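Have a look at the structure below, then the notes.
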There are 2 protein chains.
Amino acid sequence: MKRTKAGSISHNVIRRMPRYLRRLDELSESGIERISSKELGEQLGLTPSQIRQDFSCFGEFGQQGYGYNVRALREQIAGILGMDRGFQAILIGVGNIGHALMDNFCFSDWGFHLAAAFDIKPNLIGREFQDVKIYAMEELSEYIHSHRVDVAVLAVPKEAAIPVTQLLTENGIDAIWNFTNVELTGPGSPTIVENIHFSDSLLTLSYFVAERRDENEAKAAKAEK
Amino acid sequence: MKRTKAGSISHNVIRRMPRYLRRLDELSESGIERISSKELGEQLGLTPSQIRQDFSCFGEFGQQGYGYNVRALREQIAGILGMDRGFQAILIGVGNIGHALMDNFCFSDWGFHLAAAFDIKPNLIGREFQDVKIYAMEELSEYIHSHRVDVAVLAVPKEAAIPVTQLLTENGIDAIWNFTNVELTGPGSPTIVENIHFSDSLLTLSYFVAERRDENEAKAAKAEK
């Protein structure tokens, strides 16, 4: 699969790629070697034509009447997502979320290497978790200039989000995985930011629960009549 | 703002609502009382017409030439999102992520009350964090039948995700906030699931970083010629 002209592929298509990857991994684990766009669509709640259209953004593959080779498709999607690039990540902030990421999130499963962590708490500095060493924030600039760093994982308290982002940007970091719930950049910023907003997700769930409750109430009211 | 017919509003519009809410909260904190769709759009990287279109899904508000009243708009969006319904949540699994949610995530800011937590580890059962008591998993069914529970927050290890979901569903829970990275339901399931897939988010970031690196390389190659 080829990467096409930058920026030409819709965000919605890009956001579905990791879902395809996860599903293909699960299929592979179950020993399934090929799958049709119809079956894959049913498993993911998408139409077969949407799936074919998504993949066609990156070139031709799959064979009419044969379907997709699960393992080959998985490798192609992994390549599109940059999983074969050896991206190096650093973690800023070793609180609960930082700890959870260090302990439970397997960066290497997704092509990343978590190379170092940084914090301001003296009792954390110099310690190691899962082979990742925690450095002092004062060491950040020097670390960045002497190591390859592709992505900074931002898990600092809310009030530190903006100053730490400025520090990272000044040191040439152009990609941030943001757990702080703070909007880091305005439009037009050269920094690539991917946000994990827990609250946005909970409120989306909340919307659908409220909708469900309203439906049920309306049904109940109708039944009473 | 009125809630319109269930299912008639696109997921993309619904997913933008929490972002509007966050921004309006920030504007309110800065003492700003009204804002035009143009200004709001600039701050969020959206066009004014998209913003007007989004809000028009829920009825008319804002005045031509006056803009939106920040506080009133915030309250209307909060209502749409169900933040005024007193939703009750329970947490299943008090590992790193569960702890992070109990300690740092302010459910009440988003209209939720985290009422109880459940785990299988004997050293956790009976303890309290931030006024939330941890119960044994064996007490889950009884708890659900004697308390209002609107949402279960699923933060158990991967291998427990499906059995715990079955247990929740059997006990009438129809909404799950899913931190397990496991797809919980097939299409057509009556359970409302909102996933936090850390890996999907990281891989989306990875895609854009790879794209950026390719652009830079192409530029460098061009400059060398």
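Just remember, in the structure tokens the first chain shown is A, the second B, etc., residues are 1-based per chain, and ligands are 1-based in the order shown.
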Select residues of chain B: the criterion is any atom within 8 Å of an atom of chain A, counting only C-alpha atoms; output as an MDAnalysis selection string.
chainID B and resid 6 14:15 18:19 42:45 80:83 85 96:97 99:100 110 150 175 177 186:187 192:196 198:211 215
Quick one: chain A onto chain B, least squares on all Cα paired in order, result as a JSON list (two decimals) with C-alpha atoms, in the first residue's frame?
```
[["chain", "number", "residue", "atom", "x", "y", "z"],
["A", 1, "MET", "CA", -32.43, 23.31, 23.07],
["A", 2, "LYS", "CA", -34.55, 20.34, 22.27],
["A", 3, "ARG", "CA", -33.45, 16.80, 21.88],
["A", 4, "THR", "CA", -34.65, 15.74, 18.46],
["A", 5, "LYS", "CA", -35.74, 12.33, 17.27],
["A", 6, "ALA", "CA", -33.38, 9.67, 18.57],
["A", 7, "GLY", "CA", -30.67, 8.60, 16.18],
["A", 8, "SER", "CA", -31.30, 11.43, 13.75],
["A", 9, "ILE", "CA", -28.16, 13.40, 14.60],
["A", 10, "SER", "CA", -24.81, 12.34, 13.17],
["A", 11, "HIS", "CA", -22.17, 10.95, 15.49],
["A", 12, "ASN", "CA", -19.75, 13.60, 14.30],
["A", 13, "VAL", "CA", -22.06, 16.37, 15.52],
["A", 14, "ILE", "CA", -22.55, 14.61, 18.86],
["A", 15, "ARG", "CA", -18.79, 14.15, 19.28],
["A", 16, "ARG", "CA", -18.21, 17.88, 18.77],
["A", 17, "MET", "CA", -20.65, 18.83, 21.55],
["A", 18, "PRO", "CA", -18.24, 17.99, 24.43],
["A", 19, "ARG", "CA", -15.56, 20.08, 22.70],
["A", 20, "TYR", "CA", -17.91, 23.04, 22.52],
["A", 21, "LEU", "CA", -18.72, 22.55, 26.19],
["A", 22, "ARG", "CA", -15.05, 22.53, 27.21],
["A", 23, "ARG", "CA", -14.33, 25.65, 25.20],
["A", 24, "LEU", "CA", -17.37, 27.48, 26.60],
["A", 25, "ASP", "CA", -16.23, 26.56, 30.14],
["A", 26, "GLU", "CA", -12.82, 28.05, 29.37],
["A", 27, "LEU", "CA", -14.40, 31.20, 27.95],
["A", 28, "SER", "CA", -16.63, 31.53, 31.02],
["A", 29, "GLU", "CA", -13.61, 31.17, 33.30],
["A", 30, "SER", "CA", -11.89, 33.98, 31.37],
["A", 31, "GLY", "CA", -14.93, 36.19, 31.99],
["A", 32, "ILE", "CA", -16.10, 36.20, 28.35],
["A", 33, "GLU", "CA", -19.88, 36.55, 28.14],
["A", 34, "ARG", "CA", -20.63, 36.27, 24.46],
["A", 35, "ILE", "CA", -18.96, 34.93, 21.35],
["A", 36, "SER", "CA", -19.70, 34.86, 17.64],
["A", 37, "SER", "CA", -19.70, 31.65, 15.62],
["A", 38, "LYS", "CA", -16.71, 33.12, 13.73],
["A", 39, "GLU", "CA", -14.60, 33.52, 16.88],
["A", 40, "LEU", "CA", -15.68, 30.17, 18.31],
["A", 41, "GLY", "CA", -14.84, 28.55, 14.99],
["A", 42, "GLU", "CA", -11.38, 30.09, 14.91],
["A", 43, "GLN", "CA", -10.67, 28.80, 18.40],
["A", 44, "LEU", "CA", -11.75, 25.27, 17.53],
["A", 45, "GLY", "CA", -10.54, 25.00, 13.95],
["A", 46, "LEU", "CA", -14.08, 24.83, 12.54],
["A", 47, "THR", "CA", -15.92, 27.07, 10.09],
["A", 48, "PRO", "CA", -18.64, 29.38, 11.47],
["A", 49, "SER", "CA", -21.21, 27.70, 9.22],
["A", 50, "GLN", "CA", -20.33, 24.27, 10.60],
["A", 51, "ILE", "CA", -20.86, 25.58, 14.13],
["A", 52, "ARG", "CA", -24.22, 27.12, 13.24],
["A", 53, "GLN", "CA", -25.23, 23.90, 11.48],
["A", 54, "ASP", "CA", -24.22, 21.77, 14.48],
["A", 55, "PHE", "CA", -26.30, 23.85, 16.89],
["A", 56, "SER", "CA", -29.25, 24.01, 14.51],
["A", 57, "CYS", "CA", -29.62, 20.22, 14.98],
["A", 58, "PHE", "CA", -30.94, 21.03, 18.45],
["A", 59, "GLY", "CA", -33.06, 24.10, 17.73],
["A", 60, "GLU", "CA", -32.51, 27.82, 17.26],
["A", 61, "PHE", "CA", -30.29, 29.98, 19.38],
["A", 62, "GLY", "CA", -27.80, 32.75, 19.12],
["A", 63, "GLN", "CA", -28.84, 36.06, 17.64],
["A", 64, "GLN", "CA", -27.80, 37.45, 14.27],
["A", 65, "GLY", "CA", -25.09, 40.04, 14.88],
["A", 66, "TYR", "CA", -25.00, 39.39, 18.63],
["A", 67, "GLY", "CA", -23.52, 35.92, 18.78],
["A", 68, "TYR", "CA", -24.02, 33.37, 21.51],
["A", 69, "ASN", "CA", -24.43, 34.02, 25.21],
["A", 70, "VAL", "CA", -21.58, 31.85, 26.54],
["A", 71, "ARG", "CA", -23.24, 30.77, 29.76],
["A", 72, "ALA", "CA", -26.68, 30.09, 28.24],
["A", 73, "LEU", "CA", -25.18, 28.09, 25.36],
["A", 74, "ARG", "CA", -23.09, 26.09, 27.84],
["A", 75, "GLU", "CA", -26.20, 25.17, 29.83],
["A", 76, "GLN", "CA", -28.07, 24.15, 26.71],
["A", 77, "ILE", "CA", -25.24, 21.90, 25.56],
["A", 78, "ALA", "CA", -24.92, 20.42, 29.08],
["A", 79, "GLY", "CA", -28.62, 19.55, 28.88],
["A", 80, "ILE", "CA", -28.25, 17.93, 25.46],
["A", 81, "LEU", "CA", -25.37, 15.83, 26.81],
["A", 82, "GLY", "CA", -27.44, 14.63, 29.77],
["A", 83, "MET", "CA", -25.24, 16.33, 32.36],
["A", 84, "ASP", "CA", -28.32, 17.33, 34.39],
["A", 85, "ARG", "CA", -29.66, 13.80, 34.81],
["A", 86, "GLY", "CA", -27.71, 12.71, 37.88],
["A", 87, "PHE", "CA", -26.29, 9.65, 36.13],
["A", 88, "GLN", "CA", -24.78, 7.11, 38.52],
["A", 89, "ALA", "CA", -21.60, 5.24, 37.55],
["A", 90, "ILE", "CA", -19.79, 2.25, 39.00],
["A", 91, "LEU", "CA", -16.17, 1.32, 38.33],
["A", 92, "ILE", "CA", -15.22, -2.28, 37.64],
["A", 93, "GLY", "CA", -11.49, -2.91, 38.18],
["A", 94, "VAL", "CA", -9.26, -0.83, 40.43],
["A", 95, "GLY", "CA", -5.87, -1.25, 38.72],
["A", 96, "ASN", "CA", -3.76, 1.65, 37.47],
["A", 97, "ILE", "CA", -6.43, 3.02, 35.17],
["A", 98, "GLY", "CA", -9.16, 2.52, 37.75],
["A", 99, "HIS", "CA", -7.04, 4.29, 40.35],
["A", 100, "ALA", "CA", -6.28, 7.13, 37.95],
["A", 101, "LEU", "CA", -10.00, 7.59, 37.31],
["A", 102, "MET", "CA", -10.88, 7.49, 41.02],
["A", 103, "ASP", "CA", -8.10, 9.88, 42.01],
["A", 104, "ASN", "CA", -7.96, 12.35, 39.15],
["A", 105, "PHE", "CA", -11.04, 12.21, 37.00],
["A", 106, "CYS", "CA", -13.73, 14.48, 38.35],
["A", 107, "PHE", "CA", -16.91, 12.62, 37.40],
["A", 108, "SER", "CA", -19.07, 15.28, 39.05],
["A", 109, "ASP", "CA", -17.72, 17.96, 36.70],
["A", 110, "TRP", "CA", -19.50, 16.06, 33.94],
["A", 111, "GLY", "CA", -22.77, 15.39, 35.74],
["A", 112, "PHE", "CA", -21.88, 11.89, 36.92],
["A", 113, "HIS", "CA", -21.59, 10.44, 40.39],
["A", 114, "LEU", "CA", -19.09, 7.62, 40.85],
["A", 115, "ALA", "CA", -20.99, 5.64, 43.45],
["A", 116, "ALA", "CA", -18.99, 2.45, 43.93],
["A", 117, "ALA", "CA", -16.05, 0.39, 42.70],
["A", 118, "PHE", "CA", -15.57, -3.37, 42.38],
["A", 119, "ASP", "CA", -12.48, -5.55, 42.30],
["A", 120, "ILE", "CA", -11.36, -9.11, 43.02],
["A", 121, "LYS", "CA", -8.22, -8.28, 45.02],
["A", 122, "PRO", "CA", -8.82, -9.00, 48.73],
["A", 123, "ASN", "CA", -6.47, -6.18, 49.84],
["A", 124, "LEU", "CA", -8.61, -3.62, 47.98],
["A", 125, "ILE", "CA", -12.08, -4.79, 49.03],
["A", 126, "GLY", "CA", -13.63, -2.63, 51.73],
["A", 127, "ARG", "CA", -11.19, 0.25, 51.19],
["A", 128, "GLU", "CA", -12.26, 3.73, 50.14],
["A", 129, "PHE", "CA", -10.64, 6.18, 47.74],
["A", 130, "GLN", "CA", -12.05, 9.70, 47.38],
["A", 131, "ASP", "CA", -15.18, 8.57, 49.26],
["A", 132, "VAL", "CA", -15.78, 5.70, 46.82],
["A", 133, "LYS", "CA", -15.97, 2.28, 48.44],
["A", 134, "ILE", "CA", -14.50, -0.81, 46.79],
["A", 135, "TYR", "CA", -16.74, -3.87, 46.88],
["A", 136, "ALA", "CA", -16.05, -7.52, 46.00],
["A", 137, "MET", "CA", -17.11, -8.65, 42.52],
["A", 138, "GLU", "CA", -19.48, -11.12, 44.23],
["A", 139, "GLU", "CA", -21.45, -8.13, 45.50],
["A", 140, "LEU", "CA", -21.95, -6.64, 42.02],
["A", 141, "SER", "CA", -25.33, -8.20, 41.15],
["A", 142, "GLU", "CA", -26.83, -7.32, 44.50],
["A", 143, "TYR", "CA", -25.47, -3.78, 44.28],
["A", 144, "ILE", "CA", -26.97, -3.23, 40.84],
["A", 145, "HIS", "CA", -30.36, -4.50, 41.97],
["A", 146, "SER", "CA", -30.46, -2.26, 45.04],
["A", 147, "HIS", "CA", -28.98, 0.93, 43.53],
["A", 148, "ARG", "CA", -29.48, 3.05, 40.46],
["A", 149, "VAL", "CA", -26.64, 2.39, 38.02],
["A", 150, "ASP", "CA", -26.61, 4.14, 34.64],
["A", 151, "VAL", "CA", -23.08, 3.44, 33.45],
["A", 152, "ALA", "CA", -20.40, 0.86, 34.24],
["A", 153, "VAL", "CA", -16.80, 1.96, 33.78],
["A", 154, "LEU", "CA", -14.89, -1.12, 32.62],
["A", 155, "ALA", "CA", -11.22, -1.06, 33.64],
["A", 156, "VAL", "CA", -10.54, -4.76, 34.13],
["A", 157, "PRO", "CA", -7.69, -6.77, 32.55],
["A", 158, "LYS", "CA", -8.22, -7.72, 28.92],
["A", 159, "GLU", "CA", -9.08, -11.35, 29.62],
["A", 160, "ALA", "CA", -11.89, -10.34, 32.00],
["A", 161, "ALA", "CA", -13.52, -7.88, 29.60],
["A", 162, "ILE", "CA", -16.01, -10.22, 27.92],
["A", 163, "PRO", "CA", -17.16, -12.22, 30.99],
["A", 164, "VAL", "CA", -17.59, -9.03, 33.07],
["A", 165, "THR", "CA", -19.55, -7.42, 30.23],
["A", 166, "GLN", "CA", -21.84, -10.46, 30.14],
["A", 167, "LEU", "CA", -22.35, -10.22, 33.89],
["A", 168, "LEU", "CA", -23.20, -6.52, 33.61],
["A", 169, "THR", "CA", -25.60, -7.09, 30.73],
["A", 170, "GLU", "CA", -27.34, -9.95, 32.55],
["A", 171, "ASN", "CA", -27.89, -7.56, 35.43],
["A", 172, "GLY", "CA", -29.53, -4.98, 33.19],
["A", 173, "ILE", "CA", -26.64, -2.55, 32.69],
["A", 174, "ASP", "CA", -26.98, -1.13, 29.17],
["A", 175, "ALA", "CA", -24.12, 1.38, 29.01],
["A", 176, "ILE", "CA", -20.40, 0.71, 29.35],
["A", 177, "TRP", "CA", -17.45, 3.10, 29.29],
["A", 178, "ASN", "CA", -14.79, 0.72, 28.05],
["A", 179, "PHE", "CA", -11.08, 1.08, 28.89],
["A", 180, "THR", "CA", -10.15, -2.54, 28.11],
["A", 181, "ASN", "CA", -9.14, -2.21, 24.46],
["A", 182, "VAL", "CA", -11.42, -5.18, 23.68],
["A", 183, "GLU", "CA", -14.37, -4.78, 21.28],
["A", 184, "LEU", "CA", -17.26, -5.63, 23.59],
["A", 185, "THR", "CA", -20.27, -5.95, 21.33],
["A", 186, "GLY", "CA", -21.16, -6.89, 17.82],
["A", 187, "PRO", "CA", -23.37, -4.69, 15.67],
["A", 188, "GLY", "CA", -27.00, -4.81, 16.74],
["A", 189, "SER", "CA", -26.18, -5.21, 20.45],
["A", 190, "PRO", "CA", -28.53, -3.23, 22.71],
["A", 191, "THR", "CA", -25.62, -2.24, 24.97],
["A", 192, "ILE", "CA", -24.27, 1.29, 24.48],
["A", 193, "VAL", "CA", -20.48, 1.12, 24.48],
["A", 194, "GLU", "CA", -18.07, 4.04, 24.38],
["A", 195, "ASN", "CA", -14.50, 2.91, 23.91],
["A", 196, "ILE", "CA", -11.30, 4.53, 25.07],
["A", 197, "HIS", "CA", -8.79, 2.81, 22.80],
["A", 198, "PHE", "CA", -5.40, 4.22, 23.73],
["A", 199, "SER", "CA", -3.79, 2.34, 20.86],
["A", 200, "ASP", "CA", -6.16, 3.75, 18.22],
["A", 201, "SER", "CA", -5.25, 7.21, 19.38],
["A", 202, "LEU", "CA", -1.50, 6.54, 19.42],
["A", 203, "LEU", "CA", -1.66, 4.98, 15.95],
["A", 204, "THR", "CA", -3.54, 7.98, 14.59],
["A", 205, "LEU", "CA", -0.75, 10.17, 15.95],
["A", 206, "SER", "CA", 1.76, 7.75, 14.46],
["A", 207, "TYR", "CA", 0.16, 8.14, 11.03],
["A", 208, "PHE", "CA", 0.52, 11.91, 11.11],
["A", 209, "VAL", "CA", 4.10, 11.74, 12.38],
["A", 210, "ALA", "CA", 5.00, 9.32, 9.57],
["A", 211, "GLU", "CA", 3.32, 11.64, 7.07],
["A", 212, "ARG", "CA", 5.26, 14.61, 8.44],
["A", 213, "ARG", "CA", 8.57, 12.71, 8.21],
["A", 214, "ASP", "CA", 7.82, 11.73, 4.61],
["A", 215, "GLU", "CA", 7.05, 15.35, 3.71],
["A", 216, "ASN", "CA", 10.27, 16.56, 5.30],
["A", 217, "GLU", "CA", 12.30, 13.91, 3.50],
["A", 218, "ALA", "CA", 10.69, 14.80, 0.18],
["A", 219, "LYS", "CA", 11.48, 18.47, 0.79],
["A", 220, "ALA", "CA", 15.07, 17.68, 1.71],
["A", 221, "ALA", "CA", 15.49, 15.51, -1.40],
["A", 222, "LYS", "CA", 14.09, 18.30, -3.56],
["A", 223, "ALA", "CA", 16.40, 20.88, -1.98],
["A", 224, "GLU", "CA", 19.44, 18.68, -2.72],
["A", 225, "LYS", "CA", 18.69, 18.55, -6.42]]
```
From a DSSP calculation on the backbone, collect every residue of segment 16-211 of chain A in strand (DSSP E) and output the set as a PyMOL selection string.
chain A and resi 34-35+68-69+87-92+112-119+128-129+132-136+151-154+175-178+192-195
